[in-house]
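S.K.: You'll find upload.txt just under this line, and it carries compact mmCIF, C-alpha atoms and all ligand atoms.
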# COMPACT_ATOMS: atom_id res chain seq x y z
CA MET A 1 -30.12 103.94 13.20
CA GLU A 2 -28.23 101.68 15.51
CA GLY A 3 -28.16 98.96 12.83
CA LEU A 4 -26.68 101.39 10.32
CA GLY A 5 -24.17 102.69 12.85
CA LEU A 6 -25.68 106.18 12.85
CA GLY A 7 -25.46 108.66 15.70
CA THR A 8 -24.65 107.86 19.27
CA LYS A 9 -26.89 106.91 22.19
CA SER A 10 -26.97 110.56 23.25
CA THR A 11 -27.78 112.08 19.85
CA ARG A 12 -30.36 109.62 18.48
CA HIS A 13 -33.37 110.85 20.48
CA GLU A 14 -32.52 114.40 19.45
CA ILE A 15 -32.46 113.42 15.77
CA VAL A 16 -35.79 111.58 16.02
CA GLN A 17 -37.35 114.55 17.86
CA LYS A 18 -36.23 116.84 15.06
CA LEU A 19 -38.00 114.61 12.53
CA TYR A 20 -41.23 114.93 14.56
CA ASP A 21 -40.85 118.70 14.98
CA ARG A 22 -40.50 119.19 11.23
CA GLY A 23 -43.47 116.94 10.45
CA TYR A 24 -41.36 114.39 8.57
CA VAL A 25 -42.59 111.55 10.79
CA GLY A 26 -45.66 111.11 12.97
CA GLY A 27 -47.58 108.64 15.08
CA ARG A 28 -46.41 106.46 17.91
CA SER A 29 -44.68 103.90 15.73
CA VAL A 30 -42.78 106.64 13.79
CA ARG A 31 -44.22 106.61 10.29
CA PRO A 32 -42.83 108.91 7.61
CA THR A 33 -45.31 111.54 6.44
CA GLU A 34 -45.71 112.29 2.74
CA SER A 35 -43.54 115.39 3.08
CA GLY A 36 -40.88 113.44 4.99
CA ARG A 37 -40.82 110.86 2.24
CA ALA A 38 -40.67 113.60 -0.40
CA VAL A 39 -37.62 115.23 1.19
CA VAL A 40 -35.78 111.90 1.24
CA GLU A 41 -36.80 110.99 -2.31
CA ALA A 42 -35.86 114.39 -3.72
CA LEU A 43 -32.48 114.27 -1.96
CA GLN A 44 -31.86 110.69 -3.10
CA VAL A 45 -32.32 111.80 -6.67
CA TYR A 46 -30.62 115.20 -6.59
CA ALA A 47 -28.06 114.91 -3.78
CA PRO A 48 -27.59 111.19 -3.13
CA ARG A 49 -24.35 111.73 -1.22
CA ILE A 50 -26.05 113.21 1.85
CA THR A 51 -28.83 110.62 2.07
CA ARG A 52 -26.48 107.63 2.14
CA PRO A 53 -26.22 106.32 5.69
CA GLU A 54 -22.68 105.27 4.78
CA THR A 55 -21.69 108.93 4.49
CA THR A 56 -22.46 109.56 8.15
CA ALA A 57 -21.04 106.21 9.22
CA GLU A 58 -17.82 106.94 7.28
CA LEU A 59 -17.40 110.27 9.00
CA GLU A 60 -17.97 108.68 12.38
CA GLY A 61 -15.40 106.05 11.44
CA ARG A 62 -12.91 108.81 10.61
CA LEU A 63 -13.55 110.38 14.03
CA ASP A 64 -12.59 107.03 15.52
CA ASP A 65 -9.43 107.13 13.38
CA ILE A 66 -8.54 110.46 14.97
CA ALA A 67 -9.12 109.02 18.43
CA GLY A 68 -6.98 106.01 17.49
CA GLY A 69 -4.20 108.21 16.11
CA THR A 70 -4.37 106.94 12.49
CA ALA A 71 -5.71 110.26 11.12
CA THR A 72 -5.22 113.89 12.04
CA PRO A 73 -8.15 116.23 12.76
CA GLU A 74 -6.91 118.46 9.91
CA ASP A 75 -7.17 115.56 7.41
CA VAL A 76 -10.68 114.69 8.48
CA ILE A 77 -11.89 118.30 8.52
CA ALA A 78 -10.47 118.85 5.02
CA GLU A 79 -12.18 115.67 3.78
CA SER A 80 -15.57 116.52 5.22
CA ARG A 81 -15.33 120.09 4.04
CA ARG A 82 -14.74 118.79 0.52
CA HIS A 83 -17.69 116.40 0.79
CA LEU A 84 -19.99 119.10 2.12
CA HIS A 85 -19.01 121.48 -0.67
CA GLN A 86 -19.85 118.81 -3.23
CA ALA A 87 -23.20 118.06 -1.58
CA LEU A 88 -24.06 121.75 -1.36
CA ALA A 89 -23.17 122.27 -5.02
CA GLU A 90 -25.50 119.39 -5.94
CA LEU A 91 -28.31 120.92 -3.87
CA GLU A 92 -27.80 124.41 -5.30
CA GLU A 93 -27.79 123.07 -8.83
CA HIS A 94 -31.17 121.38 -8.33
CA ARG A 95 -32.72 123.89 -5.91
CA GLU A 96 -35.78 124.56 -8.09
CA ALA A 97 -36.54 120.92 -8.84
CA ILE A 98 -36.17 119.91 -5.19
CA ALA A 99 -38.47 122.74 -4.06
CA ARG A 100 -41.10 121.77 -6.64
CA TRP A 101 -40.93 118.10 -5.68
CA ILE A 102 -41.43 118.83 -1.99
CA ARG A 103 -44.14 121.46 -2.61
CA GLU A 104 -46.19 119.07 -4.71
CA SER A 105 -45.83 116.28 -2.18
CA VAL A 106 -46.99 118.51 0.66
CA GLU A 107 -50.02 119.45 -1.45
CA TRP A 108 -50.63 115.74 -1.99
CA ASP A 109 -50.23 115.21 1.77
CA ARG A 110 -53.20 117.53 2.36
CA ASP A 111 -55.30 116.18 -0.51
CA PHE A 112 -57.99 113.64 0.30
CA GLY A 113 -59.55 113.10 -3.08
CA PRO A 114 -62.42 114.70 -4.97
CA CYS A 115 -65.37 116.42 -3.34
CA GLU A 116 -68.42 114.34 -4.19
CA ARG A 117 -70.64 117.46 -4.28
CA CYS A 118 -68.81 119.82 -6.61
CA GLY A 119 -65.72 118.09 -8.01
CA GLY A 120 -63.30 120.24 -5.93
CA ARG A 121 -60.62 118.59 -3.78
CA MET A 122 -61.08 117.60 -0.15
CA ARG A 123 -58.19 119.06 1.87
CA ALA A 124 -57.07 118.56 5.46
CA ARG A 125 -57.64 121.78 7.40
CA LYS A 126 -57.56 122.98 10.98
CA SER A 127 -60.55 124.69 12.56
CA ARG A 128 -60.18 127.73 14.84
CA GLN A 129 -60.60 125.34 17.78
CA GLY A 130 -57.61 123.37 16.51
CA THR A 131 -59.52 120.29 15.42
CA ARG A 132 -58.71 118.75 12.06
CA PHE A 133 -61.31 118.24 9.39
CA LEU A 134 -61.61 117.77 5.66
CA GLY A 135 -62.98 120.75 3.78
CA CYS A 136 -63.65 121.39 0.10
CA SER A 137 -61.14 123.44 -1.89
CA ASN A 138 -64.11 125.42 -3.29
CA TYR A 139 -65.10 126.75 0.13
CA PRO A 140 -67.08 128.99 0.68
CA GLN A 141 -69.04 128.17 -2.51
CA CYS A 142 -69.08 124.52 -1.39
CA ARG A 143 -69.41 123.79 2.31
CA ASN A 144 -68.85 120.04 2.14
CA SER A 145 -66.79 118.90 5.15
CA ARG A 146 -66.00 115.74 7.04
CA ALA A 147 -64.64 115.13 10.53
CA ILE A 148 -61.32 113.32 10.97
CA PRO A 149 -59.87 111.86 14.18
CA ARG A 150 -58.17 114.27 16.55
CA GLU A 151 -55.15 112.04 17.22
CA GLY A 152 -52.85 109.95 15.09
CA VAL A 153 -51.51 110.01 11.59
CA ILE A 154 -53.64 109.62 8.52
CA VAL A 155 -52.21 106.96 6.28
CA ARG A 156 -53.18 106.97 2.66
CA VAL A 157 -53.80 103.45 1.37
CA LYS A 158 -53.65 102.74 -2.34
CA ALA A 159 -56.82 101.22 -3.74
CA ALA A 160 -55.05 97.96 -4.63
CA GLU A 161 -53.50 97.60 -1.17
CA ALA A 162 -56.83 98.54 0.44
CA SER A 163 -58.70 95.70 -1.25
CA LEU A 164 -55.83 93.28 -0.56
CA SER A 165 -55.84 94.02 3.15
CA GLY A 166 -59.62 93.91 3.32
CA TYR A 167 -60.23 97.63 3.88
CA GLY A 168 -62.28 99.74 1.52
CA GLY A 169 -64.11 98.62 -1.59
CA SER A 170 -62.79 97.05 -4.76
ZN ZN B 1 -67.05 120.71 -2.94
What do you get writing this file as structure tokens?
Ligand SMILES: [Zn+2]
M.R.:
Amino acid sequence: MEGLGLGTKSTRHEIVQKLYDRGYVGGRSVRPTESGRAVVEALQVYAPRITRPETTAELEGRLDDIAGGTATPEDVIAESRRHLHQALAELEEHREAIARWIRESVEWDRDFGPCERCGGRMRARKSRQGTRFLGCSNYPQCRNSRAIPREGVIVRVKAAEASLSGYGGS
């Protein structure tokens, strides 16, 4: 964020915390989750204006212009209002497609491949005790389940990458 000139020292931790709270990132080294990635991808396609770091940086630059006396607050407010209206119109226009994109990605986030017993899908679930496990989508007909670690983020590795990095089979 600092490299892109986004936020200030006092707002950055708040922004990162929000990403954690909404489940868009996880883990200690801040990895995007599948749903976090989906939100960004959907917005890049359907409302590119608001995902460009330059948009935020530009606005912050205009705030500096106000401080430096080369722009009036009224000018800058009118500009950003116009930009926000355009972004909102883009979002509204593609509301359905964006929702579908994110919904499918969240499903994919919870999907851990086929159940080897019945051909259902293994899904990440939470037990009543709060522990995470993989359970079959055909529960209760199929009671196949697997334990997964209590802490950390599960990172899906593509088969090709897995064999390249020495994990998993070929
Ligand atoms: Zn099953």
S.K.: Using all atoms listed in the file, pick whichever of A:Ile148, A:Leu134, A:Met122, A:Ile98 has the shortest atom-to-atom distance to ligand ZN 1 (chain B).
M.R.: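 Checking each candidate against ligand ZN 1 (chain B), we get A:Met122 as the closest.
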S.K.: List the spatial neighbours of His85 (chain A) as JSON, numbers by chain - criterion: any atom at most 12 Å away, all atoms listed in the file, same-chain residues fewer than 5 positions off excluded.
M.R.: {"A": [47, 49, 50, 78, 79, 80, 90, 91, 92]}
S.K.: Out of A:Arg52, A:Lys18, A:Arg31, A:Arg62, which residue has the shortest atom-to-atom distance to Ala87 (chain A) when counting only C-alpha atoms?
M.R.: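 Using only C-alpha atoms, Ala87 (chain A) sits closest to A:Arg52.
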S.K.: Between CA of Ser127 (chain A) and CA of Ser35 (chain A), measure the distance and give it in Å to one decimal.
M.R.: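 Those two atoms sit 21.6 Å apart.
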S.K.: Return as a VMD selection string the residues of protein, DNA or RNA that approach ligand ZN 1 (chain B) to within 7 Å, with only C-alpha atoms and all ligand atoms taken into account.
M.R.: chain A and resid 115 to 121 136 to 138 142 to 144
S.K.: Would you mind listing what lies within 12 Å of Pro32 (chain A) as an MDAnalysis selection string, with all atoms listed in the file counted and same-chain residues fewer than 2 positions away left out?
M.R.: chainID A and resid 16 19:20 22:30 34:41 109 153:156
S.K.: Let me make sure I understand: among A:Pro53, A:Gly61, A:Pro48, A:Gly3, which one has the smallest atom-to-atom distance to Val76 (chain A) if we use all atoms listed in the file?
M.R.: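 Once distances to Val76 (chain A) are computed over all atoms listed in the file, the minimum belongs to A:Gly61.
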S.K.: Pick from A:Gly113, A:Phe133, A:His94, A:Gly7: nearest to Gln44 (chain A), with only C-alpha atoms counted?
M.R.: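 Comparing A:Gly113, A:Phe133, A:His94, A:Gly7 against Gln44 (chain A), the winner is A:His94.
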